[in-house]
$ cat upload.pdb   # PDB, C-alpha atoms and all ligand atoms
ATOM      1  CA  MET A   1     -28.380-130.567 145.260  1.00  0.00           C
ATOM      2  CA  ILE A   2     -29.242-133.411 142.913  1.00  0.00           C
ATOM      3  CA  ASP A   3     -32.796-134.583 142.242  1.00  0.00           C
ATOM      4  CA  LEU A   4     -32.855-138.301 141.510  1.00  0.00           C
ATOM      5  CA  TYR A   5     -35.876-139.547 139.584  1.00  0.00           C
ATOM      6  CA  TYR A   6     -35.989-143.080 140.842  1.00  0.00           C
ATOM      7  CA  TRP A   7     -37.894-146.288 141.382  1.00  0.00           C
ATOM      8  CA  PRO A   8     -36.301-149.297 143.067  1.00  0.00           C
ATOM      9  CA  THR A   9     -35.319-151.448 140.076  1.00  0.00           C
ATOM     10  CA  PRO A  10     -31.846-152.590 138.981  1.00  0.00           C
ATOM     11  CA  ASN A  11     -31.315-149.485 136.857  1.00  0.00           C
ATOM     12  CA  GLY A  12     -32.489-147.276 139.720  1.00  0.00           C
ATOM     13  CA  HIS A  13     -30.205-148.996 142.235  1.00  0.00           C
ATOM     14  CA  LYS A  14     -27.133-148.161 140.128  1.00  0.00           C
ATOM     15  CA  ILE A  15     -27.547-144.487 140.945  1.00  0.00           C
ATOM     16  CA  THR A  16     -28.378-144.838 144.627  1.00  0.00           C
ATOM     17  CA  LEU A  17     -25.282-147.059 144.903  1.00  0.00           C
ATOM     18  CA  PHE A  18     -23.192-144.199 143.519  1.00  0.00           C
ATOM     19  CA  LEU A  19     -24.861-141.449 145.528  1.00  0.00           C
ATOM     20  CA  GLU A  20     -24.654-143.361 148.808  1.00  0.00           C
ATOM     21  CA  GLU A  21     -20.958-144.131 148.197  1.00  0.00           C
ATOM     22  CA  SER A  22     -20.001-140.629 147.144  1.00  0.00           C
ATOM     23  CA  GLY A  23     -21.801-138.594 149.774  1.00  0.00           C
ATOM     24  CA  LEU A  24     -23.174-136.181 147.151  1.00  0.00           C
ATOM     25  CA  PRO A  25     -26.401-134.738 148.590  1.00  0.00           C
ATOM     26  CA  TYR A  26     -29.545-135.824 146.752  1.00  0.00           C
ATOM     27  CA  THR A  27     -33.300-135.912 146.977  1.00  0.00           C
ATOM     28  CA  ILE A  28     -35.343-138.814 145.638  1.00  0.00           C
ATOM     29  CA  ARG A  29     -38.239-137.902 143.363  1.00  0.00           C
ATOM     30  CA  PRO A  30     -40.166-141.181 143.064  1.00  0.00           C
ATOM     31  CA  ILE A  31     -41.243-142.179 139.541  1.00  0.00           C
ATOM     32  CA  ASN A  32     -43.725-144.981 140.041  1.00  0.00           C
ATOM     33  CA  ILE A  33     -43.329-146.784 136.728  1.00  0.00           C
ATOM     34  CA  GLY A  34     -46.140-149.191 137.646  1.00  0.00           C
ATOM     35  CA  ALA A  35     -48.532-146.233 137.946  1.00  0.00           C
ATOM     36  CA  GLY A  36     -47.403-144.511 134.741  1.00  0.00           C
ATOM     37  CA  ASP A  37     -45.436-141.593 136.253  1.00  0.00           C
ATOM     38  CA  GLN A  38     -42.823-142.027 133.506  1.00  0.00           C
ATOM     39  CA  PHE A  39     -45.294-140.679 130.928  1.00  0.00           C
ATOM     40  CA  LYS A  40     -45.964-137.386 132.706  1.00  0.00           C
ATOM     41  CA  PRO A  41     -44.969-134.430 130.501  1.00  0.00           C
ATOM     42  CA  ASP A  42     -42.662-132.883 133.116  1.00  0.00           C
ATOM     43  CA  PHE A  43     -40.725-136.149 133.454  1.00  0.00           C
ATOM     44  CA  LEU A  44     -40.540-136.635 129.680  1.00  0.00           C
ATOM     45  CA  LYS A  45     -38.817-133.240 129.422  1.00  0.00           C
ATOM     46  CA  ILE A  46     -35.992-134.727 131.518  1.00  0.00           C
ATOM     47  CA  SER A  47     -36.156-138.304 130.239  1.00  0.00           C
ATOM     48  CA  PRO A  48     -37.647-138.450 126.722  1.00  0.00           C
ATOM     49  CA  ASN A  49     -37.400-142.266 126.576  1.00  0.00           C
ATOM     50  CA  ASN A  50     -39.953-142.526 129.464  1.00  0.00           C
ATOM     51  CA  LYS A  51     -37.580-144.460 131.672  1.00  0.00           C
ATOM     52  CA  MET A  52     -35.978-143.812 135.002  1.00  0.00           C
ATOM     53  CA  PRO A  53     -33.375-143.213 136.397  1.00  0.00           C
ATOM     54  CA  ALA A  54     -32.735-139.587 135.544  1.00  0.00           C
ATOM     55  CA  ILE A  55     -31.160-136.748 137.495  1.00  0.00           C
ATOM     56  CA  VAL A  56     -31.249-132.983 137.601  1.00  0.00           C
ATOM     57  CA  ASP A  57     -28.149-131.327 139.051  1.00  0.00           C
ATOM     58  CA  HIS A  58     -29.228-127.945 140.384  1.00  0.00           C
ATOM     59  CA  ALA A  59     -25.655-126.940 141.240  1.00  0.00           C
ATOM     60  CA  PRO A  60     -23.525-127.985 138.253  1.00  0.00           C
ATOM     61  CA  ALA A  61     -19.845-127.111 138.033  1.00  0.00           C
ATOM     62  CA  GLY A  62     -19.461-123.527 136.883  1.00  0.00           C
ATOM     63  CA  GLY A  63     -22.958-122.601 138.069  1.00  0.00           C
ATOM     64  CA  ASP A  64     -25.625-121.523 135.622  1.00  0.00           C
ATOM     65  CA  GLU A  65     -28.674-123.548 134.523  1.00  0.00           C
ATOM     66  CA  PRO A  66     -29.427-126.970 136.054  1.00  0.00           C
ATOM     67  CA  ILE A  67     -28.204-129.973 134.046  1.00  0.00           C
ATOM     68  CA  SER A  68     -30.479-132.963 133.493  1.00  0.00           C
ATOM     69  CA  VAL A  69     -29.193-136.415 132.529  1.00  0.00           C
ATOM     70  CA  PHE A  70     -31.056-139.585 131.518  1.00  0.00           C
ATOM     71  CA  GLU A  71     -29.653-143.115 130.861  1.00  0.00           C
ATOM     72  CA  SER A  72     -27.996-144.771 133.843  1.00  0.00           C
ATOM     73  CA  GLY A  73     -24.576-145.068 132.149  1.00  0.00           C
ATOM     74  CA  ALA A  74     -24.557-141.358 131.277  1.00  0.00           C
ATOM     75  CA  ILE A  75     -25.656-140.513 134.826  1.00  0.00           C
ATOM     76  CA  LEU A  76     -22.845-142.583 136.357  1.00  0.00           C
ATOM     77  CA  LEU A  77     -20.286-140.913 134.085  1.00  0.00           C
ATOM     78  CA  TYR A  78     -21.695-137.483 134.950  1.00  0.00           C
ATOM     79  CA  LEU A  79     -21.612-138.139 138.687  1.00  0.00           C
ATOM     80  CA  ALA A  80     -18.095-139.611 138.498  1.00  0.00           C
ATOM     81  CA  GLY A  81     -16.980-136.456 136.689  1.00  0.00           C
ATOM     82  CA  LYS A  82     -18.722-134.161 139.140  1.00  0.00           C
ATOM     83  CA  SER A  83     -17.408-135.878 142.262  1.00  0.00           C
ATOM     84  CA  GLY A  84     -14.027-137.088 140.991  1.00  0.00           C
ATOM     85  CA  GLN A  85     -14.854-140.531 142.428  1.00  0.00           C
ATOM     86  CA  PHE A  86     -15.232-144.117 141.147  1.00  0.00           C
ATOM     87  CA  LEU A  87     -13.632-143.470 137.720  1.00  0.00           C
ATOM     88  CA  SER A  88      -9.855-143.656 137.800  1.00  0.00           C
ATOM     89  CA  SER A  89      -7.734-140.952 136.186  1.00  0.00           C
ATOM     90  CA  ASP A  90      -5.227-143.636 135.104  1.00  0.00           C
ATOM     91  CA  PRO A  91      -5.914-143.904 131.346  1.00  0.00           C
ATOM     92  CA  ARG A  92      -5.806-147.722 131.218  1.00  0.00           C
ATOM     93  CA  ILE A  93      -8.075-148.246 134.204  1.00  0.00           C
ATOM     94  CA  ARG A  94     -10.349-145.429 133.092  1.00  0.00           C
ATOM     95  CA  ILE A  95     -11.025-146.840 129.630  1.00  0.00           C
ATOM     96  CA  ALA A  96     -11.429-150.379 131.040  1.00  0.00           C
ATOM     97  CA  THR A  97     -14.040-148.981 133.430  1.00  0.00           C
ATOM     98  CA  VAL A  98     -15.869-147.320 130.543  1.00  0.00           C
ATOM     99  CA  GLU A  99     -15.683-150.559 128.501  1.00  0.00           C
ATOM    100  CA  TRP A 100     -17.342-152.560 131.258  1.00  0.00           C
ATOM    101  CA  LEU A 101     -19.887-149.810 131.872  1.00  0.00           C
ATOM    102  CA  PHE A 102     -20.880-149.900 128.194  1.00  0.00           C
ATOM    103  CA  TRP A 103     -20.855-153.722 128.265  1.00  0.00           C
ATOM    104  CA  GLN A 104     -23.436-153.542 131.015  1.00  0.00           C
ATOM    105  CA  THR A 105     -25.692-150.920 129.452  1.00  0.00           C
ATOM    106  CA  SER A 106     -25.636-152.421 125.959  1.00  0.00           C
ATOM    107  CA  GLY A 107     -25.623-156.146 126.782  1.00  0.00           C
ATOM    108  CA  PHE A 108     -25.768-157.433 130.324  1.00  0.00           C
ATOM    109  CA  GLY A 109     -28.705-155.212 131.366  1.00  0.00           C
ATOM    110  CA  PRO A 110     -30.876-155.550 128.234  1.00  0.00           C
ATOM    111  CA  MET A 111     -30.356-159.321 127.920  1.00  0.00           C
ATOM    112  CA  LEU A 112     -31.088-159.961 131.586  1.00  0.00           C
ATOM    113  CA  GLY A 113     -34.119-157.682 131.208  1.00  0.00           C
ATOM    114  CA  GLN A 114     -35.427-159.945 128.426  1.00  0.00           C
ATOM    115  CA  ASN A 115     -34.610-162.979 130.573  1.00  0.00           C
ATOM    116  CA  HIS A 116     -36.818-161.525 133.354  1.00  0.00           C
ATOM    117  CA  HIS A 117     -39.529-160.657 130.866  1.00  0.00           C
ATOM    118  CA  PHE A 118     -39.883-164.052 129.225  1.00  0.00           C
ATOM    119  CA  ASN A 119     -39.402-165.996 132.474  1.00  0.00           C
ATOM    120  CA  HIS A 120     -41.684-163.957 134.714  1.00  0.00           C
ATOM    121  CA  TYR A 121     -43.849-161.438 132.893  1.00  0.00           C
ATOM    122  CA  ALA A 122     -44.783-162.787 129.436  1.00  0.00           C
ATOM    123  CA  PRO A 123     -48.429-163.916 129.467  1.00  0.00           C
ATOM    124  CA  GLU A 124     -47.458-167.082 127.567  1.00  0.00           C
ATOM    125  CA  LYS A 125     -44.419-169.267 128.172  1.00  0.00           C
ATOM    126  CA  ILE A 126     -42.471-169.268 124.908  1.00  0.00           C
ATOM    127  CA  PRO A 127     -39.799-171.991 125.193  1.00  0.00           C
ATOM    128  CA  TYR A 128     -37.615-170.556 122.410  1.00  0.00           C
ATOM    129  CA  ALA A 129     -37.515-167.068 123.991  1.00  0.00           C
ATOM    130  CA  ILE A 130     -36.926-168.433 127.488  1.00  0.00           C
ATOM    131  CA  ALA A 131     -34.035-170.643 126.318  1.00  0.00           C
ATOM    132  CA  ARG A 132     -32.599-167.895 124.120  1.00  0.00           C
ATOM    133  CA  TYR A 133     -32.293-165.413 126.987  1.00  0.00           C
ATOM    134  CA  ILE A 134     -31.161-167.912 129.604  1.00  0.00           C
ATOM    135  CA  ASN A 135     -28.408-169.093 127.234  1.00  0.00           C
ATOM    136  CA  GLU A 136     -27.348-165.544 126.482  1.00  0.00           C
ATOM    137  CA  SER A 137     -27.437-164.692 130.201  1.00  0.00           C
ATOM    138  CA  ARG A 138     -25.192-167.668 130.950  1.00  0.00           C
ATOM    139  CA  ARG A 139     -22.785-166.557 128.240  1.00  0.00           C
ATOM    140  CA  LEU A 140     -22.641-163.051 129.737  1.00  0.00           C
ATOM    141  CA  TYR A 141     -22.165-164.364 133.296  1.00  0.00           C
ATOM    142  CA  GLY A 142     -19.276-166.430 131.893  1.00  0.00           C
ATOM    143  CA  VAL A 143     -17.697-163.275 130.443  1.00  0.00           C
ATOM    144  CA  LEU A 144     -18.113-161.492 133.784  1.00  0.00           C
ATOM    145  CA  ASN A 145     -16.730-164.484 135.667  1.00  0.00           C
ATOM    146  CA  GLN A 146     -13.601-164.541 133.514  1.00  0.00           C
ATOM    147  CA  ARG A 147     -13.074-160.817 133.893  1.00  0.00           C
ATOM    148  CA  LEU A 148     -13.259-161.124 137.673  1.00  0.00           C
ATOM    149  CA  ALA A 149     -10.737-163.995 137.858  1.00  0.00           C
ATOM    150  CA  GLY A 150      -7.852-162.681 139.973  1.00  0.00           C
ATOM    151  CA  ARG A 151      -9.503-159.250 140.306  1.00  0.00           C
ATOM    152  CA  ASP A 152     -11.515-157.758 143.154  1.00  0.00           C
ATOM    153  CA  PHE A 153     -13.450-155.462 140.834  1.00  0.00           C
ATOM    154  CA  LEU A 154     -14.030-155.011 137.110  1.00  0.00           C
ATOM    155  CA  ALA A 155     -11.360-152.346 136.590  1.00  0.00           C
ATOM    156  CA  GLY A 156      -9.026-151.231 139.378  1.00  0.00           C
ATOM    157  CA  ASP A 157     -10.840-150.237 142.553  1.00  0.00           C
ATOM    158  CA  TYR A 158     -14.620-150.337 143.039  1.00  0.00           C
ATOM    159  CA  SER A 159     -16.009-148.182 140.225  1.00  0.00           C
ATOM    160  CA  ILE A 160     -19.043-147.123 138.233  1.00  0.00           C
ATOM    161  CA  ALA A 161     -18.643-150.321 136.150  1.00  0.00           C
ATOM    162  CA  ASP A 162     -19.237-152.472 139.245  1.00  0.00           C
ATOM    163  CA  MET A 163     -22.147-150.258 140.303  1.00  0.00           C
ATOM    164  CA  ALA A 164     -23.751-150.741 136.881  1.00  0.00           C
ATOM    165  CA  CYS A 165     -23.390-154.545 136.873  1.00  0.00           C
ATOM    166  CA  TYR A 166     -24.102-155.359 140.507  1.00  0.00           C
ATOM    167  CA  PRO A 167     -27.883-154.714 140.697  1.00  0.00           C
ATOM    168  CA  TRP A 168     -28.545-156.985 137.711  1.00  0.00           C
ATOM    169  CA  ALA A 169     -26.260-159.801 138.848  1.00  0.00           C
ATOM    170  CA  ALA A 170     -27.721-159.592 142.357  1.00  0.00           C
ATOM    171  CA  LEU A 171     -30.969-160.925 140.828  1.00  0.00           C
ATOM    172  CA  HIS A 172     -29.331-164.099 139.463  1.00  0.00           C
ATOM    173  CA  ASP A 173     -31.835-166.478 141.098  1.00  0.00           C
ATOM    174  CA  GLY A 174     -34.739-164.986 139.153  1.00  0.00           C
ATOM    175  CA  GLN A 175     -32.712-165.282 135.932  1.00  0.00           C
ATOM    176  CA  ASN A 176     -32.297-169.077 136.309  1.00  0.00           C
ATOM    177  CA  ILE A 177     -28.595-168.572 136.908  1.00  0.00           C
ATOM    178  CA  VAL A 178     -26.870-170.881 139.393  1.00  0.00           C
ATOM    179  CA  ILE A 179     -24.286-168.555 140.862  1.00  0.00           C
ATOM    180  CA  ASP A 180     -22.022-171.406 141.990  1.00  0.00           C
ATOM    181  CA  ASP A 181     -21.328-171.976 138.278  1.00  0.00           C
ATOM    182  CA  PHE A 182     -19.728-168.498 138.276  1.00  0.00           C
ATOM    183  CA  PRO A 183     -17.694-168.410 141.500  1.00  0.00           C
ATOM    184  CA  ASN A 184     -15.807-165.184 140.796  1.00  0.00           C
ATOM    185  CA  VAL A 185     -19.119-163.403 140.268  1.00  0.00           C
ATOM    186  CA  GLY A 186     -20.434-164.920 143.504  1.00  0.00           C
ATOM    187  CA  ARG A 187     -17.421-163.656 145.465  1.00  0.00           C
ATOM    188  CA  TRP A 188     -17.647-160.183 143.887  1.00  0.00           C
ATOM    189  CA  LEU A 189     -21.398-159.983 144.676  1.00  0.00           C
ATOM    190  CA  LYS A 190     -20.716-160.754 148.338  1.00  0.00           C
ATOM    191  CA  THR A 191     -17.983-158.105 148.519  1.00  0.00           C
ATOM    192  CA  ILE A 192     -20.247-155.405 147.107  1.00  0.00           C
ATOM    193  CA  ALA A 193     -23.288-156.498 149.139  1.00  0.00           C
ATOM    194  CA  ALA A 194     -21.234-156.047 152.338  1.00  0.00           C
ATOM    195  CA  ARG A 195     -20.432-152.391 151.619  1.00  0.00           C
ATOM    196  CA  PRO A 196     -22.338-150.066 153.989  1.00  0.00           C
ATOM    197  CA  ALA A 197     -23.321-147.815 151.049  1.00  0.00           C
ATOM    198  CA  THR A 198     -24.841-150.808 149.224  1.00  0.00           C
ATOM    199  CA  GLN A 199     -26.877-151.646 152.280  1.00  0.00           C
ATOM    200  CA  ARG A 200     -28.080-148.048 152.606  1.00  0.00           C
ATOM    201  CA  ALA A 201     -28.984-147.919 148.912  1.00  0.00           C
ATOM    202  CA  TYR A 202     -31.009-151.126 149.068  1.00  0.00           C
ATOM    203  CA  ALA A 203     -32.717-150.116 152.319  1.00  0.00           C
ATOM    204  CA  LEU A 204     -34.258-147.219 150.383  1.00  0.00           C
ATOM    205  CA  ALA A 205     -36.061-149.624 148.072  1.00  0.00           C
ATOM    206  CA  ASN A 206     -38.703-150.675 150.567  1.00  0.00           C
ATOM    207  CA  ASP A 207     -39.200-147.126 151.818  1.00  0.00           C
ATOM    208  CA  ILE A 208     -39.966-145.922 148.307  1.00  0.00           C
ATOM    209  CA  ASN A 209     -41.919-148.977 147.115  1.00  0.00           C
ATOM    210  CA  PRO A 210     -43.195-151.302 149.836  1.00  0.00           C
ATOM    211  CA  GLU A 211     -44.492-153.543 146.991  1.00  0.00           C
ATOM    212  CA  SER A 212     -40.907-154.056 145.769  1.00  0.00           C
ATOM    213  CA  GLY A 213     -40.283-157.679 144.749  1.00  0.00           C
ATOM    214  CA  LYS A 214     -44.004-158.572 144.630  1.00  0.00           C
ATOM    215  CA  PRO A 215     -45.760-159.671 141.386  1.00  0.00           C
ATOM    216  CA  LEU A 216     -46.755-156.832 139.054  1.00  0.00           C
ATOM    217  CA  SER A 217     -50.370-155.645 139.158  1.00  0.00           C
ATOM    218  CA  ALA A 218     -52.527-155.606 136.020  1.00  0.00           C
ATOM    219  CA  GLU A 219     -52.191-151.803 135.980  1.00  0.00           C
ATOM    220  CA  ALA A 220     -48.389-152.001 136.148  1.00  0.00           C
ATOM    221  CA  ARG A 221     -48.313-154.546 133.307  1.00  0.00           C
ATOM    222  CA  ARG A 222     -50.441-152.246 131.185  1.00  0.00           C
ATOM    223  CA  HIS A 223     -48.099-149.304 131.774  1.00  0.00           C
ATOM    224  CA  LEU A 224     -44.909-151.281 131.289  1.00  0.00           C
ATOM    225  CA  PHE A 225     -45.753-153.696 128.509  1.00  0.00           C
ATOM    226  CA  GLY A 226     -48.549-152.036 126.538  1.00  0.00           C
ATOM    227  CA  GLN A 227     -46.875-148.803 125.532  1.00  0.00           C
ATOM    228  CA  PRO A 228     -48.052-146.885 122.477  1.00  0.00           C
ATOM    229  CA  GLU A 229     -45.539-145.067 120.291  1.00  0.00           C
ATOM    230  CA  HIS A 230     -44.647-141.475 121.185  1.00  0.00           C
ATOM    231  CA  LYS A 231     -46.454-138.862 119.066  1.00  0.00           C
TER     232      LYS A 231
HETATM  233  N1  LIG A 301     -31.152-147.863 129.267  1.00  0.00           N
HETATM  234  C1  LIG A 301     -31.860-147.326 130.396  1.00  0.00           C
HETATM  235  C2  LIG A 301     -32.875-148.332 130.875  1.00  0.00           C
HETATM  236  C3  LIG A 301     -33.718-147.785 132.002  1.00  0.00           C
HETATM  237  C4  LIG A 301     -34.935-148.675 132.234  1.00  0.00           C
HETATM  238  O1  LIG A 301     -35.144-149.665 131.527  1.00  0.00           O
HETATM  239  N2  LIG A 301     -35.742-148.281 133.214  1.00  0.00           N
HETATM  240  C5  LIG A 301     -36.966-149.014 133.462  1.00  0.00           C
HETATM  241  C6  LIG A 301     -36.988-149.582 134.858  1.00  0.00           C
HETATM  242  S1  LIG A 301     -35.584-150.622 135.196  1.00  0.00           S
HETATM  243  C7  LIG A 301     -38.121-148.055 133.308  1.00  0.00           C
HETATM  244  O2  LIG A 301     -38.058-146.908 133.713  1.00  0.00           O
HETATM  245  N3  LIG A 301     -39.215-148.527 132.708  1.00  0.00           N
HETATM  246  C8  LIG A 301     -40.382-147.752 132.510  1.00  0.00           C
HETATM  247  C9  LIG A 301     -40.951-147.936 131.147  1.00  0.00           C
HETATM  248  O3  LIG A 301     -40.405-148.719 130.348  1.00  0.00           O
HETATM  249  O4  LIG A 301     -41.967-147.303 130.875  1.00  0.00           O
HETATM  250  C10 LIG A 301     -30.883-146.973 131.515  1.00  0.00           C
HETATM  251  O5  LIG A 301     -29.866-147.671 131.628  1.00  0.00           O
HETATM  252  O6  LIG A 301     -31.130-145.998 132.241  1.00  0.00           O
END
$ encode --input "upload.pdb" --output "structure tokens" --more "lines below"
Ligand SMILES: N[C@@H](CCC(=O)N[C@@H](CS)C(=O)NCC(=O)O)C(=O)O
Amino acid sequence: MIDLYYWPTPNGHKITLFLEESGLPYTIRPINIGAGDQFKPDFLKISPNNKMPAIVDHAPAGGDEPISVFESGAILLYLAGKSGQFLSSDPRIRIATVEWLFWQTSGFGPMLGQNHHFNHYAPEKIPYAIARYINESRRLYGVLNQRLAGRDFLAGDYSIADMACYPWAALHDGQNIVIDDFPNVGRWLKTIAARPATQRAYALANDINPESGKPLSAEARRHLFGQPEHK
């Protein structure tokens, strides 16, 4: 059994997308990042960067001690390895999948995260920062759009690379991205949204956080944007 430390955000959705597709049994352990659960000592032992998602696999291959994994990209690779699903064994497709997974975790996710921050959460509207991250977001959507030209998915069949990118691109409206400017991305989003596992994964969001999608409370802002350094 896998424990998934989760809150319904784009990085959290990546892992429920995988788990719902794969059929691996799992239990959600909610980490309410707006209430500060990510700073609890027991969670920090699993995820020292105070961020979810994280997992603990209580039945790893070969038995023995449970394995914990933090960072969504590492979790997707771990789960693909454990289940033998969503990461091709063909060497060309496999490395392309890993390339696009790393592209998401090092660029697409962080840049869109800054886009959200300066557009929606920053207490002052800073035109330079807003323009900087919208421009960079548009550049990245252009890269994704080109990659998806003539392809159903990022690398071969539906894979962990698509699962990593989808939850961020699904929020394009809030990133000031007009999806019609990126038609291959729009088509790919619709294909993934129609998958029954995607619908199950997203249905969990409201069960776990009925406030999902609503403006952040003052308490949540304090926890998320006023963090002291770790001692
Ligand atoms: N690079 C990390 C990013 C995870 C991340 O940013 N998680 C956010 C929610 S989407 C979080 O837990 N934030 C809590 C905090 O910053 O204290 C990953 O891909 O797993």
$ closest_residue --input "upload.pdb" --among "A:Gly186, A:Val143, A:Leu76, A:Arg94" --to "Leu19 of chain A" --atoms "only C-alpha atoms"
A:Leu76
$ residues_near_ligand --input "upload.pdb" --ligand "ligand LIG 301 (chain A)" --cutoff "6 Å" --atoms "only C-alpha atoms and all ligand atoms" --output "ChimeraX atom specification"
/A:9-11,33,38,50-53,71-73,105,224
$ residues_around --input "upload.pdb" --residues "Met163 of chain A" --least-positions-apart "3" --cutoff "6 Å" --atoms "all atoms listed in the file" --output "JSON, numbers by chain"
{"A": [14, 160, 166]}
$ resolve_selection --input "upload.pdb" --expression "the PyMOL selection byres (((chain A and resi 230) around 10) and not hetatm)" --output "number ranges by chain"
A: 39, 48-50, 227-229, 231
$ residues_around --input "upload.pdb" --residues "Ile55 of chain A" --least-positions-apart "4" --cutoff "6 Å" --atoms "all atoms listed in the file" --output "VMD selection string"
chain A and resid 3 to 5 68 to 69
$ write_last_selection --input "upload.pdb" --atoms "C-alpha atoms" --output "PDB file, in the coordinates of the input"
ATOM      1  CA  ASP A   3     -32.796-134.583 142.242  1.00  0.00           C
ATOM      2  CA  LEU A   4     -32.855-138.301 141.510  1.00  0.00           C
ATOM      3  CA  TYR A   5     -35.876-139.547 139.584  1.00  0.00           C
ATOM      4  CA  SER A  68     -30.479-132.963 133.493  1.00  0.00           C
ATOM      5  CA  VAL A  69     -29.193-136.415 132.529  1.00  0.00           C
TER       6      VAL A  69
END
$ closest_residue --input "upload.pdb" --among "A:Ile192, A:Val185, A:Ile208, A:Ala218" --to "His172 of chain A" --atoms "only C-alpha atoms"
A:Val185
$ atom_distance --input "upload.pdb" --atom1 "atom CA of Ile93 of chain A" --atom2 "atom CA of Met111 of chain A"
25.7 Å
$ atom_distance --input "upload.pdb" --atom1 "atom CA of Gly156 of chain A" --atom2 "atom CA of Pro183 of chain A"
19.4 Å
$ residues_around --input "upload.pdb" --residues "Thr191 of chain A" --least-positions-apart "6" --cutoff "12 Å" --atoms "only C-alpha atoms" --output "mmCIF file with C-alpha atoms, in the frame of the given file"
data_model
loop_
_atom_site.group_PDB
_atom_site.id
_atom_site.type_symbol
_atom_site.label_atom_id
_atom_site.label_comp_id
_atom_site.auth_asym_id
_atom_site.auth_seq_id
_atom_site.Cartn_x
_atom_site.Cartn_y
_atom_site.Cartn_z
ATOM 1 C CA ARG A 151 -9.503 -159.250 140.306
ATOM 2 C CA ASP A 152 -11.515 -157.758 143.154
ATOM 3 C CA PHE A 153 -13.450 -155.462 140.834
ATOM 4 C CA TYR A 158 -14.620 -150.337 143.039
ATOM 5 C CA ASP A 162 -19.237 -152.472 139.245
ATOM 6 C CA TYR A 166 -24.102 -155.359 140.507
ATOM 7 C CA ALA A 170 -27.721 -159.592 142.357
ATOM 8 C CA ASN A 184 -15.807 -165.184 140.796
ATOM 9 C CA VAL A 185 -19.119 -163.403 140.268
ATOM 10 C CA ALA A 197 -23.321 -147.815 151.049
ATOM 11 C CA THR A 198 -24.841 -150.808 149.224
ATOM 12 C CA GLN A 199 -26.877 -151.646 152.280
#
$ closest_residue --input "upload.pdb" --among "A:Ala164, A:Ala155, A:Ile177, A:Leu44" --to "Asn115 of chain A" --atoms "only C-alpha atoms"
A:Ile177
$ residues_around --input "upload.pdb" --residues "His120 of chain A" --least-positions-apart "6" --cutoff "10 Å" --atoms "all atoms listed in the file" --output "PDB file with C-alpha atoms, in the frame of the given file"
ATOM      1  CA  GLN A 114     -35.427-159.945 128.426  1.00  0.00           C
ATOM      2  CA  ILE A 130     -36.926-168.433 127.488  1.00  0.00           C
ATOM      3  CA  GLY A 174     -34.739-164.986 139.153  1.00  0.00           C
ATOM      4  CA  GLN A 175     -32.712-165.282 135.932  1.00  0.00           C
ATOM      5  CA  PRO A 215     -45.760-159.671 141.386  1.00  0.00           C
ATOM      6  CA  LEU A 216     -46.755-156.832 139.054  1.00  0.00           C
TER       7      LEU A 216
END
$ residues_around --input "upload.pdb" --residues "Ile95 of chain A" --least-positions-apart "3" --cutoff "12 Å" --atoms "all atoms listed in the file" --output "PDB file with C-alpha atoms, in the coordinates of the input"
ATOM      1  CA  LEU A  77     -20.286-140.913 134.085  1.00  0.00           C
ATOM      2  CA  LEU A  87     -13.632-143.470 137.720  1.00  0.00           C
ATOM      3  CA  SER A  88      -9.855-143.656 137.800  1.00  0.00           C
ATOM      4  CA  SER A  89      -7.734-140.952 136.186  1.00  0.00           C
ATOM      5  CA  ASP A  90      -5.227-143.636 135.104  1.00  0.00           C
ATOM      6  CA  PRO A  91      -5.914-143.904 131.346  1.00  0.00           C
ATOM      7  CA  ARG A  92      -5.806-147.722 131.218  1.00  0.00           C
ATOM      8  CA  VAL A  98     -15.869-147.320 130.543  1.00  0.00           C
ATOM      9  CA  GLU A  99     -15.683-150.559 128.501  1.00  0.00           C
ATOM     10  CA  TRP A 100     -17.342-152.560 131.258  1.00  0.00           C
ATOM     11  CA  LEU A 101     -19.887-149.810 131.872  1.00  0.00           C
ATOM     12  CA  PHE A 102     -20.880-149.900 128.194  1.00  0.00           C
ATOM     13  CA  LEU A 154     -14.030-155.011 137.110  1.00  0.00           C
ATOM     14  CA  ALA A 155     -11.360-152.346 136.590  1.00  0.00           C
ATOM     15  CA  GLY A 156      -9.026-151.231 139.378  1.00  0.00           C
ATOM     16  CA  SER A 159     -16.009-148.182 140.225  1.00  0.00           C
ATOM     17  CA  ILE A 160     -19.043-147.123 138.233  1.00  0.00           C
ATOM     18  CA  ALA A 161     -18.643-150.321 136.150  1.00  0.00           C
TER      19      ALA A 161
END
$ closest_residue --input "upload.pdb" --among "A:Trp7, A:Phe225, A:Phe18, A:Trp188" --to "Pro123 of chain A" --atoms "all atoms listed in the file"
A:Phe225
$ residues_near_point --input "upload.pdb" --point "(-31.8, -149.4, 151.0)" --cutoff "12 Å" --atoms "all atoms listed in the file" --output "number ranges by chain"
A: 7-9, 12-17, 19-20, 193, 195-210, 212
$ atom_distance --input "upload.pdb" --atom1 "atom CA of Asn119 of chain A" --atom2 "atom CA of Lys190 of chain A"
25.1 Å
$ closest_residue --input "upload.pdb" --among "A:Ala169, A:Leu79, A:Ala220, A:Leu189" --to "Pro60 of chain A" --atoms "all atoms listed in the file"
A:Leu79
$ closest_residue --input "upload.pdb" --among "A:Pro30, A:Gly23, A:Pro41, A:Gly113" --to "Gln85 of chain A" --atoms "all atoms listed in the file"
A:Gly23
